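Dumped work_3.cif below, it's mmCIF, C-alpha atoms:
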data_start
#
loop_
_atom_site.label_atom_id
_atom_site.label_comp_id
_atom_site.auth_asym_id
_atom_site.auth_seq_id
_atom_site.Cartn_x
_atom_site.Cartn_y
_atom_site.Cartn_z
CA MET W 30 -0.53 2.18 -31.98
CA ASN W 31 0.77 5.73 -32.52
CA LEU W 32 0.33 7.65 -35.75
CA PHE W 33 3.98 7.31 -36.81
CA ARG W 34 3.82 3.51 -36.60
CA LYS W 35 0.55 3.49 -38.58
CA ILE W 36 2.30 5.42 -41.35
CA LEU W 37 4.90 2.63 -41.50
CA ILE W 38 2.33 -0.14 -42.18
CA PRO W 39 3.29 -0.43 -45.91
CA PHE W 40 6.90 -1.07 -44.86
CA SER W 41 5.68 -3.72 -42.40
CA LEU W 42 3.82 -5.48 -45.20
CA LEU W 43 6.99 -5.47 -47.32
CA TYR W 44 9.13 -6.68 -44.39
CA GLY W 45 6.63 -9.45 -43.65
CA MET W 46 6.58 -10.55 -47.28
CA ILE W 47 10.39 -10.76 -47.40
CA ALA W 48 10.51 -12.72 -44.12
CA THR W 49 7.81 -15.10 -45.37
CA ILE W 50 9.61 -15.75 -48.67
CA ARG W 51 12.86 -16.36 -46.81
CA ASN W 52 11.24 -18.89 -44.49
CA TYR W 53 9.53 -20.60 -47.41
CA LEU W 54 12.86 -21.00 -49.23
CA PHE W 55 14.30 -22.64 -46.12
CA ASP W 56 11.20 -24.85 -45.77
CA ILE W 57 11.55 -26.20 -49.33
CA GLN W 58 15.35 -26.43 -48.89
CA VAL W 59 16.26 -23.96 -51.63
CA LEU W 60 18.21 -22.20 -48.89
CA LYS W 61 20.46 -24.65 -47.08
CA SER W 62 20.02 -25.58 -43.41
CA THR W 63 22.51 -27.69 -41.47
CA LYS W 64 21.49 -30.18 -38.81
CA PHE W 65 23.97 -31.31 -36.16
CA LYS W 66 23.98 -34.60 -34.28
CA THR W 67 24.78 -32.95 -30.94
CA PRO W 68 21.53 -32.02 -29.13
CA THR W 69 20.87 -28.33 -29.83
CA ILE W 70 18.22 -26.31 -28.01
CA VAL W 71 17.19 -23.00 -29.58
CA VAL W 72 15.80 -20.27 -27.32
CA GLY W 73 14.29 -17.33 -29.15
CA ASN W 74 11.25 -15.26 -29.97
CA LEU W 75 9.37 -13.72 -32.87
CA SER W 76 9.80 -10.16 -31.63
CA VAL W 77 12.73 -7.87 -30.89
CA GLY W 78 14.00 -8.09 -27.31
CA GLY W 79 12.41 -8.15 -23.90
CA THR W 80 10.97 -11.69 -23.67
CA GLY W 81 13.39 -13.08 -21.08
CA LYS W 82 15.81 -15.15 -23.16
CA THR W 83 18.71 -14.69 -20.74
CA PRO W 84 16.98 -16.08 -17.61
CA GLN W 85 15.53 -18.90 -19.74
CA ILE W 86 19.02 -19.87 -20.95
CA GLU W 87 20.24 -19.78 -17.34
CA TYR W 88 17.33 -22.00 -16.32
CA LEU W 89 18.37 -24.58 -18.91
CA ILE W 90 22.00 -24.40 -17.81
CA ARG W 91 21.02 -25.14 -14.21
CA LEU W 92 18.76 -27.96 -15.38
CA LEU W 93 21.42 -29.70 -17.48
CA GLN W 94 24.90 -28.78 -16.23
CA ASN W 95 25.17 -31.51 -13.60
CA ASP W 96 24.53 -34.30 -16.10
CA TYR W 97 25.96 -32.96 -19.36
CA LYS W 98 28.78 -30.82 -20.67
CA VAL W 99 26.86 -27.71 -21.74
CA ALA W 100 27.85 -25.02 -24.24
CA VAL W 101 26.06 -21.73 -24.90
CA LEU W 102 26.46 -20.24 -28.38
CA SER W 103 25.39 -16.63 -28.93
CA ARG W 104 26.08 -14.08 -31.62
CA GLY W 105 27.46 -11.69 -28.97
CA TYR W 106 25.23 -8.71 -29.72
CA LYS W 107 27.14 -5.38 -29.91
CA ARG W 108 30.50 -6.98 -29.13
CA LYS W 109 33.64 -5.28 -30.41
CA SER W 110 35.06 -8.39 -32.03
CA LYS W 111 34.35 -10.72 -34.92
CA GLY W 112 34.35 -14.41 -35.66
CA PHE W 113 34.25 -17.37 -33.30
CA ILE W 114 35.45 -16.74 -29.75
CA ILE W 115 35.38 -19.00 -26.69
CA ALA W 116 35.22 -17.05 -23.45
CA ASP W 117 38.32 -17.31 -21.27
CA GLU W 118 40.02 -15.31 -18.51
CA ASN W 119 40.58 -12.46 -20.99
CA ALA W 120 36.88 -12.18 -21.92
CA THR W 121 34.98 -8.95 -21.33
CA ALA W 122 31.50 -7.69 -22.12
CA GLU W 123 33.09 -5.71 -24.95
CA SER W 124 34.79 -8.76 -26.49
CA ILE W 125 31.93 -11.27 -26.32
CA GLY W 126 28.79 -9.25 -25.46
CA ASP W 127 27.06 -8.59 -22.15
CA GLU W 128 24.79 -11.65 -21.97
CA PRO W 129 27.49 -14.22 -22.90
CA PHE W 130 29.83 -12.55 -20.40
CA GLN W 131 27.11 -12.87 -17.76
CA TYR W 132 26.86 -16.62 -18.46
CA PHE W 133 30.64 -16.92 -18.33
CA LYS W 134 30.88 -15.16 -14.97
CA LYS W 135 28.13 -17.27 -13.38
CA PHE W 136 28.68 -20.76 -14.77
CA LYS W 137 32.31 -21.85 -14.61
CA ASN W 138 31.75 -25.37 -15.98
CA VAL W 139 29.90 -24.20 -19.09
CA ILE W 140 31.51 -23.42 -22.46
CA VAL W 141 30.44 -19.93 -23.51
CA CYS W 142 31.18 -18.87 -27.07
CA VAL W 143 30.06 -16.36 -29.67
CA ASP W 144 29.77 -16.40 -33.43
CA ALA W 145 27.40 -14.46 -35.68
CA ASP W 146 27.55 -17.47 -38.01
CA ARG W 147 25.85 -20.11 -35.85
CA THR W 148 26.69 -22.86 -38.36
CA ASN W 149 30.38 -22.10 -38.09
CA GLY W 150 30.10 -21.78 -34.31
CA LEU W 151 28.56 -25.24 -34.04
CA LYS W 152 31.27 -26.71 -36.26
CA GLU W 153 33.95 -25.12 -34.06
CA LEU W 154 32.34 -26.61 -30.94
CA LYS W 155 32.10 -30.02 -32.59
CA ASN W 156 35.82 -29.93 -33.38
CA LEU W 157 36.93 -29.16 -29.83
CA LYS W 158 39.16 -31.74 -28.14
CA SER W 159 36.42 -32.15 -25.53
CA PRO W 160 33.17 -31.16 -27.29
CA PRO W 161 29.92 -30.41 -25.43
CA ASN W 162 27.10 -32.93 -25.02
CA VAL W 163 24.39 -30.30 -25.49
CA ILE W 164 24.43 -26.81 -27.03
CA LEU W 165 22.09 -23.94 -26.15
CA LEU W 166 21.59 -21.50 -29.03
CA ASP W 167 20.77 -18.07 -27.63
CA ASP W 168 18.40 -15.94 -29.74
CA ALA W 169 18.59 -18.18 -32.80
CA PHE W 170 14.94 -18.77 -33.70
CA GLN W 171 15.32 -16.81 -36.95
CA HIS W 172 18.73 -18.33 -37.72
CA ARG W 173 17.34 -20.84 -40.20
CA LYS W 174 20.76 -21.88 -41.48
CA VAL W 175 20.86 -24.15 -38.44
CA VAL W 176 18.15 -26.74 -37.82
CA GLY W 177 17.51 -26.63 -34.09
CA GLY W 178 16.97 -30.01 -32.53
CA PHE W 179 14.51 -28.50 -30.06
CA ASN W 180 12.97 -25.02 -30.35
CA ILE W 181 11.72 -22.99 -27.37
CA LEU W 182 9.70 -19.94 -28.39
CA LEU W 183 9.25 -17.17 -25.81
CA THR W 184 6.52 -14.54 -25.79
CA SER W 185 5.90 -11.93 -23.13
CA PHE W 186 2.62 -11.98 -21.19
CA ASN W 187 2.04 -8.26 -21.85
CA ASP W 188 3.01 -8.45 -25.51
CA LEU W 189 1.92 -11.77 -27.01
CA TYR W 190 3.11 -12.28 -30.57
CA VAL W 191 -0.48 -12.84 -31.73
CA ASP W 192 -1.27 -9.26 -30.65
CA ASP W 193 1.76 -7.75 -32.38
CA ALA W 194 2.55 -6.57 -35.90
CA MET W 195 5.57 -6.78 -38.18
CA LEU W 196 8.44 -4.33 -37.93
CA PRO W 197 8.52 -1.36 -38.14
CA THR W 198 4.82 -0.94 -37.26
CA GLY W 199 5.12 -3.51 -34.48
CA ASN W 200 7.95 -5.54 -32.98
CA LEU W 201 7.74 -8.84 -34.89
CA ARG W 202 10.82 -10.04 -36.77
CA GLU W 203 8.76 -12.59 -38.71
CA ASN W 204 5.14 -13.52 -39.21
CA VAL W 205 3.13 -15.25 -36.50
CA SER W 206 3.14 -18.41 -38.64
CA GLY W 207 6.80 -18.83 -37.62
CA ALA W 208 5.55 -20.08 -34.25
CA LYS W 209 4.80 -23.41 -35.95
CA ARG W 210 8.52 -24.24 -35.79
CA ALA W 211 8.45 -24.25 -31.97
CA ASP W 212 8.38 -27.44 -29.93
CA VAL W 213 7.22 -25.59 -26.82
CA ILE W 214 5.93 -22.06 -26.28
CA VAL W 215 6.73 -20.27 -23.03
CA VAL W 216 4.69 -17.24 -21.98
CA THR W 217 7.13 -15.22 -19.87
CA LYS W 218 6.86 -12.41 -17.30
CA CYS W 219 3.41 -13.52 -16.17
CA PRO W 220 1.88 -12.36 -12.88
CA ASN W 221 2.65 -15.08 -10.32
CA THR W 222 -1.08 -15.14 -9.53
CA LEU W 223 -2.05 -16.19 -13.07
CA SER W 224 -4.81 -18.78 -12.70
CA GLU W 225 -5.23 -22.05 -14.60
CA LYS W 226 -8.32 -20.58 -16.27
CA GLU W 227 -6.37 -17.54 -17.49
CA GLN W 228 -3.59 -19.80 -18.74
CA ILE W 229 -6.08 -21.85 -20.76
CA GLU W 230 -7.51 -18.67 -22.30
CA ILE W 231 -4.05 -17.42 -23.32
CA ALA W 232 -3.13 -20.84 -24.73
CA LYS W 233 -6.30 -20.81 -26.85
CA LYS W 234 -5.38 -17.35 -28.10
CA LEU W 235 -1.92 -18.59 -29.13
CA ASN W 236 -3.60 -21.51 -30.92
CA PRO W 237 -0.69 -23.98 -30.65
CA LEU W 238 -0.36 -27.04 -32.86
CA LEU W 239 -1.30 -30.41 -31.40
CA ASN W 240 2.37 -31.28 -30.86
CA GLN W 241 3.13 -28.00 -29.05
CA THR W 242 2.84 -27.41 -25.31
CA VAL W 243 2.38 -23.96 -23.76
CA PHE W 244 4.04 -23.16 -20.43
CA PHE W 245 3.84 -20.08 -18.20
CA THR W 246 6.67 -18.49 -16.25
CA THR W 247 7.18 -15.49 -14.03
CA ILE W 248 10.19 -13.45 -12.95
CA GLU W 249 11.58 -13.94 -9.46
CA TYR W 250 13.96 -11.28 -8.17
CA ASN W 251 16.72 -12.30 -5.81
CA GLU W 252 16.27 -10.36 -2.57
CA GLU W 253 20.01 -10.51 -1.87
CA LEU W 254 21.79 -7.84 -3.87
CA LYS W 255 25.30 -8.72 -5.01
CA GLY W 256 28.29 -6.92 -6.43
CA ALA W 257 30.54 -4.81 -4.23
CA SER W 258 28.93 -6.47 -1.19
CA SER W 259 25.83 -8.41 -0.21
CA ILE W 260 22.86 -6.29 0.87
CA ASN W 261 19.32 -7.41 1.53
CA LEU W 262 16.77 -5.69 -0.68
CA ALA W 263 14.58 -4.74 2.28
CA ASP W 264 17.49 -2.76 3.75
CA LEU W 265 17.36 -0.34 0.82
CA LYS W 266 14.52 1.46 2.59
CA ASN W 267 17.30 3.12 4.59
CA TYR W 268 19.29 4.10 1.49
CA LYS W 269 19.12 6.68 -1.23
CA VAL W 270 19.23 4.63 -4.42
CA LEU W 271 20.35 5.48 -7.93
CA LEU W 272 18.92 2.87 -10.33
CA ILE W 273 20.71 2.33 -13.64
CA THR W 274 19.05 0.27 -16.39
CA GLY W 275 20.06 -0.48 -19.96
CA ILE W 276 17.51 -3.20 -20.73
CA ALA W 277 14.56 -3.46 -23.11
CA ASN W 278 11.85 -3.12 -20.46
CA PRO W 279 12.79 -1.94 -16.95
CA ASN W 280 9.15 -1.49 -15.85
CA PRO W 281 8.87 -4.82 -13.97
CA LEU W 282 12.00 -3.96 -11.95
CA VAL W 283 10.74 -0.42 -11.29
CA ASP W 284 7.40 -1.81 -10.11
CA TYR W 285 9.13 -4.38 -7.93
CA LEU W 286 11.33 -1.83 -6.17
CA THR W 287 8.33 0.46 -5.72
CA SER W 288 6.40 -2.39 -4.08
CA TYR W 289 9.15 -2.51 -1.45
CA LYS W 290 8.61 1.22 -0.86
CA ILE W 291 12.18 1.90 -1.95
CA LYS W 292 12.81 5.46 -3.06
CA PHE W 293 15.11 5.76 -6.04
CA GLU W 294 16.19 7.98 -8.88
CA HIS W 295 16.17 6.17 -12.22
CA LEU W 296 18.62 6.69 -15.08
CA LYS W 297 17.17 4.78 -18.03
CA TYR W 298 19.24 3.81 -21.07
CA SER W 299 18.40 1.76 -24.16
CA ASP W 300 18.84 -2.02 -24.34
CA HIS W 301 22.48 -3.24 -24.53
CA TYR W 302 23.55 0.37 -24.08
CA ASN W 303 27.22 1.14 -24.62
CA PHE W 304 28.06 3.36 -21.64
CA THR W 305 30.49 6.14 -22.58
CA LYS W 306 32.90 7.97 -20.29
CA THR W 307 30.39 10.83 -20.22
CA ASP W 308 27.63 8.45 -19.10
CA ILE W 309 29.82 7.00 -16.36
CA GLN W 310 30.71 10.47 -15.13
CA GLU W 311 27.00 11.41 -15.14
CA ILE W 312 26.26 8.39 -12.95
CA ILE W 313 29.09 9.28 -10.56
CA ASN W 314 27.86 12.89 -10.35
CA LYS W 315 24.27 11.77 -9.77
CA ARG W 316 25.41 9.56 -6.94
CA ALA W 317 27.34 12.43 -5.36
CA ASN W 318 24.18 14.53 -5.50
CA LEU W 319 22.28 11.95 -3.44
CA LYS W 320 23.91 13.62 -0.41
CA SER W 321 23.64 10.71 1.96
CA LYS W 322 26.19 8.38 3.52
CA ASN W 323 23.74 5.54 2.92
CA ASN W 324 23.63 5.69 -0.87
CA ILE W 325 23.93 2.94 -3.43
CA VAL W 326 24.06 2.54 -7.19
CA LEU W 327 21.87 -0.39 -8.20
CA THR W 328 21.66 -1.96 -11.64
CA THR W 329 20.60 -5.14 -13.43
CA GLU W 330 22.95 -8.10 -13.72
CA LYS W 331 23.26 -7.58 -17.48
CA ASP W 332 24.26 -3.95 -16.99
CA TYR W 333 26.57 -4.83 -14.10
CA VAL W 334 28.88 -6.95 -16.26
CA ARG W 335 29.35 -3.95 -18.56
CA ILE W 336 30.17 -1.29 -15.96
CA PHE W 337 31.31 -3.07 -12.77
CA ASP W 338 34.91 -2.02 -13.39
CA LYS W 339 33.97 1.62 -13.98
CA ILE W 340 31.81 2.46 -10.95
CA LYS W 341 32.86 1.85 -7.36
CA ASN W 342 30.58 0.13 -4.86
CA LEU W 343 28.15 -0.99 -7.58
CA HIS W 344 25.42 -3.56 -6.79
CA PHE W 345 23.05 -5.58 -8.96
CA ILE W 346 19.78 -7.44 -8.57
CA SER W 347 19.53 -10.81 -10.33
CA ILE W 348 16.44 -12.57 -11.67
CA ASN W 349 15.36 -16.16 -12.22
CA THR W 350 12.75 -17.78 -14.42
CA VAL W 351 10.16 -19.60 -12.31
CA PHE W 352 7.45 -21.83 -13.77
CA ILE W 353 4.02 -21.01 -12.36
CA ASN W 354 3.09 -24.67 -12.70
CA HIS W 355 3.98 -27.79 -14.71
CA LYS W 356 7.71 -27.22 -14.09
CA ILE W 357 8.37 -30.96 -13.87
CA ASP W 358 6.64 -31.49 -17.22
CA PHE W 359 8.88 -28.90 -18.87
CA ASP W 360 12.02 -30.33 -17.26
CA ASN W 361 11.13 -33.84 -18.37
CA ILE W 362 10.51 -32.75 -21.97
CA ILE W 363 13.95 -31.12 -22.12
CA LYS W 364 15.74 -34.00 -20.40
CA LYS W 365 14.06 -36.56 -22.63
CA TYR W 366 15.13 -34.70 -25.77
CA VAL W 367 18.75 -34.34 -24.60
CA GLU W 368 18.96 -37.93 -23.41
CA GLN W 369 17.60 -39.27 -26.70
CA GLY W 370 19.79 -36.91 -28.73
CA SER W 371 22.88 -37.91 -26.78
CA ARG W 372 22.26 -41.58 -27.57
CA ASP W 373 21.80 -40.84 -31.26
CA SER W 374 24.82 -38.54 -31.65
#
Kindly transcribe the structure held in the file into structure tokens.
Amino acid sequence: MNLFRKILIPFSLLYGMIATIRNYLFDIQVLKSTKFKTPTIVVGNLSVGGTGKTPQIEYLIRLLQNDYKVAVLSRGYKRKSKGFIIADENATAESIGDEPFQYFKKFKNVIVCVDADRTNGLKELKNLKSPPNVILLDDAFQHRKVVGGFNILLTSFNDLYVDDAMLPTGNLRENVSGAKRADVIVVTKCPNTLSEKEQIEIAKKLNPLLNQTVFFTTIEYNEELKGASSINLADLKNYKVLLITGIANPNPLVDYLTSYKIKFEHLKYSDHYNFTKTDIQEIINKRANLKSKNNIVLTTEKDYVRIFDKIKNLHFISINTVFINHKIDFDNIIKKYVEQGSRDS
């Protein structure tokens, strides 16, 4: 922990106290929470960003979309609009946010919508002529005004919430005790070689309740790059590559490309970065300076949906969540909840 963050410890104590009081008021129902009959699955974390919520939401979509009408409700972080919006042919990353727009582009049979007020968003979905059978709430673990039917808490392997501190000293949005609201805990971005013994040790460290199950996932990169055309990742050894990232933690991607012995120049921007005309021109100029016919601008899928219409011949690398083990157990838990909830709704 650097000196500046240590200086902020008193503010972290105050922030933690406020978050604790807020949660307590929800727990004793002084602050109102609304529960919906439609099965609702919350995916979130205790910290700010970087735990892999987007690939986890996509995993759930793939798991459920063939058997149920699925909706994804997000707040639409950094969108240039307000209120409840259902994505349609006029949707853009600016109007609904980059992650919802990514879902919309990939999953044509899924309802994708945004609303900062999740309670209102759920009511709007309920009132549709053809409402969804199951709703995925993206990044809503702290949105206590809605009672999630099933709560999935994510924590990154390299930054477990039990090792973190409250904002602004650390990255926690609420105290570690908030993990008690989770039905399952998923440790994300693990090495794919993580052993059963190591998993047991991490699970003990997280100290789950008796009714909570801990799962472990890793990131799998798609070796086929998409975008302007399809290119195999291995072929990039013959290219000069300009890598553009505007995500919370690009290090895993940087390490992955390096493992392929791909040489690249990296332009790193902050998470959910709003690329300006100056930024786009900088990227175009950097590409021109690569001075090779075999050059390529590569970015993440989340960044691609924000700038694909601004940069020619742009490619992206996609990622998937992969369970290291016990995948079937996780799938069955989710399916059982949705099936039971569908009968009761």
Using only C-alpha atoms: which of W:Leu54, W:Gly112, W:Gln131, W:Leu282 has the shortest distance to Glu153 (chain W): W:Gly112
For Glu330 (chain W), which residue out of W:Lys218, W:Lys364, W:Lys255, W:Lys233 is the nearest one, using all atoms listed in the file?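 Of W:Lys218, W:Lys364, W:Lys255, W:Lys233, the one nearest Glu330 (chain W) is W:Lys255, counting all atoms listed in the file.
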Of the candidates W:Asp284, W:Asp332, W:Glu230, W:Asp212, which shows the shortest atom-to-atom distance to Gly256 (chain W), using only C-alpha atoms?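 Smallest separation from Gly256 (chain W) among the options: W:Asp332.
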Nearest candidate to Lys174 (chain W) (options W:Val367, W:Ala277, W:Leu196, W:Val59; using all atoms listed in the file):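 Closest to Lys174 (chain W) of all the choices is W:Val59.
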Can you build me a table of region 295-358 of chain W residues sitting at most 8 Å from region 273-276 of chain W, with the closest atom pair per residue and its distance in Å to one decimal, using all atoms listed in the file, sorted by chain and residue number, as a tab-separated table?
residue	atom	partner	partner_atom	distance
W:His295	CA	W:Ile273	CA	6.1
W:Leu296	CA	W:Ile273	CA	5.0
W:Lys297	CA	W:Thr274	CA	5.2
W:Tyr298	CA	W:Gly275	CA	4.5
W:Ser299	CA	W:Gly275	CA	5.0
W:Asp300	CA	W:Ile276	CA	4.0
W:His301	CA	W:Gly275	CA	5.9
W:Tyr302	CA	W:Gly275	CA	5.5
W:Val326	CA	W:Ile273	CA	7.3
W:Leu327	CA	W:Ile273	CA	6.2
W:Thr328	CA	W:Ile273	CA	4.8
W:Thr329	CA	W:Thr274	CA	6.4
W:Lys331	CA	W:Ile276	CA	7.9
W:Asp332	CA	W:Gly275	CA	6.2
Which of these, W:Thr80, W:Asn74, W:Asn314, W:Thr49, has the shortest distance to Ala169 (chain W) once you count all atoms listed in the file?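 Selected residue with least distance to Ala169 (chain W): W:Asn74.
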List the residues selected by the PyMOL selection byres ((chain W and resi 240) around 10) in the file shown, writing them as a PyMOL selection string. chain W and resi 209+211-213+237-239+241-242
My list of candidates is W:Ser224, W:Ser185, W:Thr69, W:Thr63. Which is closest to Thr148 (chain W) when distances are computed with all atoms listed in the file?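 Closest to Thr148 (chain W), using all atoms listed in the file: W:Thr63.
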Between CA of Ile90 (chain W) and CA of Leu102 (chain W), what distance in Å does the model show, to one decimal?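 Result for CA of Ile90 (chain W) versus CA of Leu102 (chain W): 12.2 Å, one decimal.
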Any chance you could resolve the PyMOL selection byres ((chain W and resi 111) around 12) against this file and give the residues as a count of residues only? 21
For this file, the PyMOL selection byres ((chain W and resi 287-293) around 6) selects which residues, as number ranges by chain? W: 266, 270-271, 284-286, 294
Just the residues within 9 Å of region 335-338 of chain W, please, counting all atoms listed in the file, with nothing from its chain fewer than 5 positions along; format it as a ChimeraX atom specification. /W:121-123,126-127,130,256-257,303-304,309,343-344
What is the CA of Ile47 (chain W) to CA of Arg210 (chain W) distance in Å?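 Pair CA of Ile47 (chain W) / CA of Arg210 (chain W) returns 17.9 Å.
One finds CA of Gln85 (chain W) at 21.6 Å from CA of Leu154 (chain W).
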Please list as a short mmCIF file (atom, residue, chain, number, x, y, z; two decimals) with C-alpha atoms, keeping the file's coordinate frame every residue within 12 Å of Ala48 (chain W), counting all atoms listed in the file and excluding residues in the same chain fewer than 2 positions away.
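Printed below is selection17.cif as written:
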data_model
loop_
_atom_site.label_atom_id
_atom_site.label_comp_id
_atom_site.auth_asym_id
_atom_site.auth_seq_id
_atom_site.Cartn_x
_atom_site.Cartn_y
_atom_site.Cartn_z
CA SER W 41 5.68 -3.72 -42.40
CA LEU W 42 3.82 -5.48 -45.20
CA LEU W 43 6.99 -5.47 -47.32
CA TYR W 44 9.13 -6.68 -44.39
CA GLY W 45 6.63 -9.45 -43.65
CA MET W 46 6.58 -10.55 -47.28
CA ILE W 50 9.61 -15.75 -48.67
CA ARG W 51 12.86 -16.36 -46.81
CA ASN W 52 11.24 -18.89 -44.49
CA TYR W 53 9.53 -20.60 -47.41
CA LEU W 54 12.86 -21.00 -49.23
CA PHE W 55 14.30 -22.64 -46.12
CA LEU W 75 9.37 -13.72 -32.87
CA GLN W 171 15.32 -16.81 -36.95
CA HIS W 172 18.73 -18.33 -37.72
CA ARG W 173 17.34 -20.84 -40.20
CA MET W 195 5.57 -6.78 -38.18
CA LEU W 196 8.44 -4.33 -37.93
CA LEU W 201 7.74 -8.84 -34.89
CA ARG W 202 10.82 -10.04 -36.77
CA GLU W 203 8.76 -12.59 -38.71
CA ASN W 204 5.14 -13.52 -39.21
CA VAL W 205 3.13 -15.25 -36.50
CA SER W 206 3.14 -18.41 -38.64
CA GLY W 207 6.80 -18.83 -37.62
#
Could I get the residues of region 121-216 of chain W with an atom no further than 12 Å from an atom of region 93-100 of chain W, each paired with its nearest atom pair and that distance in Å to one decimal, using all atoms listed in the file, sorted by chain and residue number, as a Markdown table?
| residue | atom | partner | partner_atom | distance |
| --- | --- | --- | --- | --- |
| W:Pro129 | CA | W:Ala100 | CA | 10.9 |
| W:Tyr132 | CA | W:Ala100 | CA | 10.2 |
| W:Phe133 | CA | W:Ala100 | CA | 10.4 |
| W:Phe136 | CA | W:Gln94 | CA | 9.0 |
| W:Lys137 | CA | W:Gln94 | CA | 10.3 |
| W:Asn138 | CA | W:Gln94 | CA | 7.7 |
| W:Val139 | CA | W:Val99 | CA | 5.3 |
| W:Ile140 | CA | W:Ala100 | CA | 4.4 |
| W:Val141 | CA | W:Ala100 | CA | 5.8 |
| W:Cys142 | CA | W:Ala100 | CA | 7.5 |
| W:Val143 | CA | W:Ala100 | CA | 10.5 |
| W:Gly150 | CA | W:Ala100 | CA | 10.8 |
| W:Leu151 | CA | W:Ala100 | CA | 9.8 |
| W:Glu153 | CA | W:Ala100 | CA | 11.6 |
| W:Leu154 | CA | W:Ala100 | CA | 8.2 |
| W:Lys155 | CA | W:Ala100 | CA | 10.6 |
| W:Leu157 | CA | W:Ala100 | CA | 11.4 |
| W:Ser159 | CA | W:Lys98 | CA | 9.2 |
| W:Pro160 | CA | W:Lys98 | CA | 8.0 |
| W:Pro161 | CA | W:Lys98 | CA | 4.9 |
| W:Asn162 | CA | W:Lys98 | CA | 5.1 |
| W:Val163 | CA | W:Val99 | CA | 5.2 |
| W:Ile164 | CA | W:Ala100 | CA | 4.8 |
| W:Leu165 | CA | W:Ala100 | CA | 6.2 |
| W:Leu166 | CA | W:Ala100 | CA | 8.6 |
| W:Asp167 | CA | W:Ala100 | CA | 10.5 |
Write the residues of the selection above to a file with C-alpha atoms, as a CSV table (one decimal), in the coordinates of the input.
chain,number,residue,atom,x,y,z
W,129,PRO,CA,27.5,-14.2,-22.9
W,132,TYR,CA,26.9,-16.6,-18.5
W,133,PHE,CA,30.6,-16.9,-18.3
W,136,PHE,CA,28.7,-20.8,-14.8
W,137,LYS,CA,32.3,-21.8,-14.6
W,138,ASN,CA,31.8,-25.4,-16.0
W,139,VAL,CA,29.9,-24.2,-19.1
W,140,ILE,CA,31.5,-23.4,-22.5
W,141,VAL,CA,30.4,-19.9,-23.5
W,142,CYS,CA,31.2,-18.9,-27.1
W,143,VAL,CA,30.1,-16.4,-29.7
W,150,GLY,CA,30.1,-21.8,-34.3
W,151,LEU,CA,28.6,-25.2,-34.0
W,153,GLU,CA,34.0,-25.1,-34.1
W,154,LEU,CA,32.3,-26.6,-30.9
W,155,LYS,CA,32.1,-30.0,-32.6
W,157,LEU,CA,36.9,-29.2,-29.8
W,159,SER,CA,36.4,-32.2,-25.5
W,160,PRO,CA,33.2,-31.2,-27.3
W,161,PRO,CA,29.9,-30.4,-25.4
W,162,ASN,CA,27.1,-32.9,-25.0
W,163,VAL,CA,24.4,-30.3,-25.5
W,164,ILE,CA,24.4,-26.8,-27.0
W,165,LEU,CA,22.1,-23.9,-26.2
W,166,LEU,CA,21.6,-21.5,-29.0
W,167,ASP,CA,20.8,-18.1,-27.6
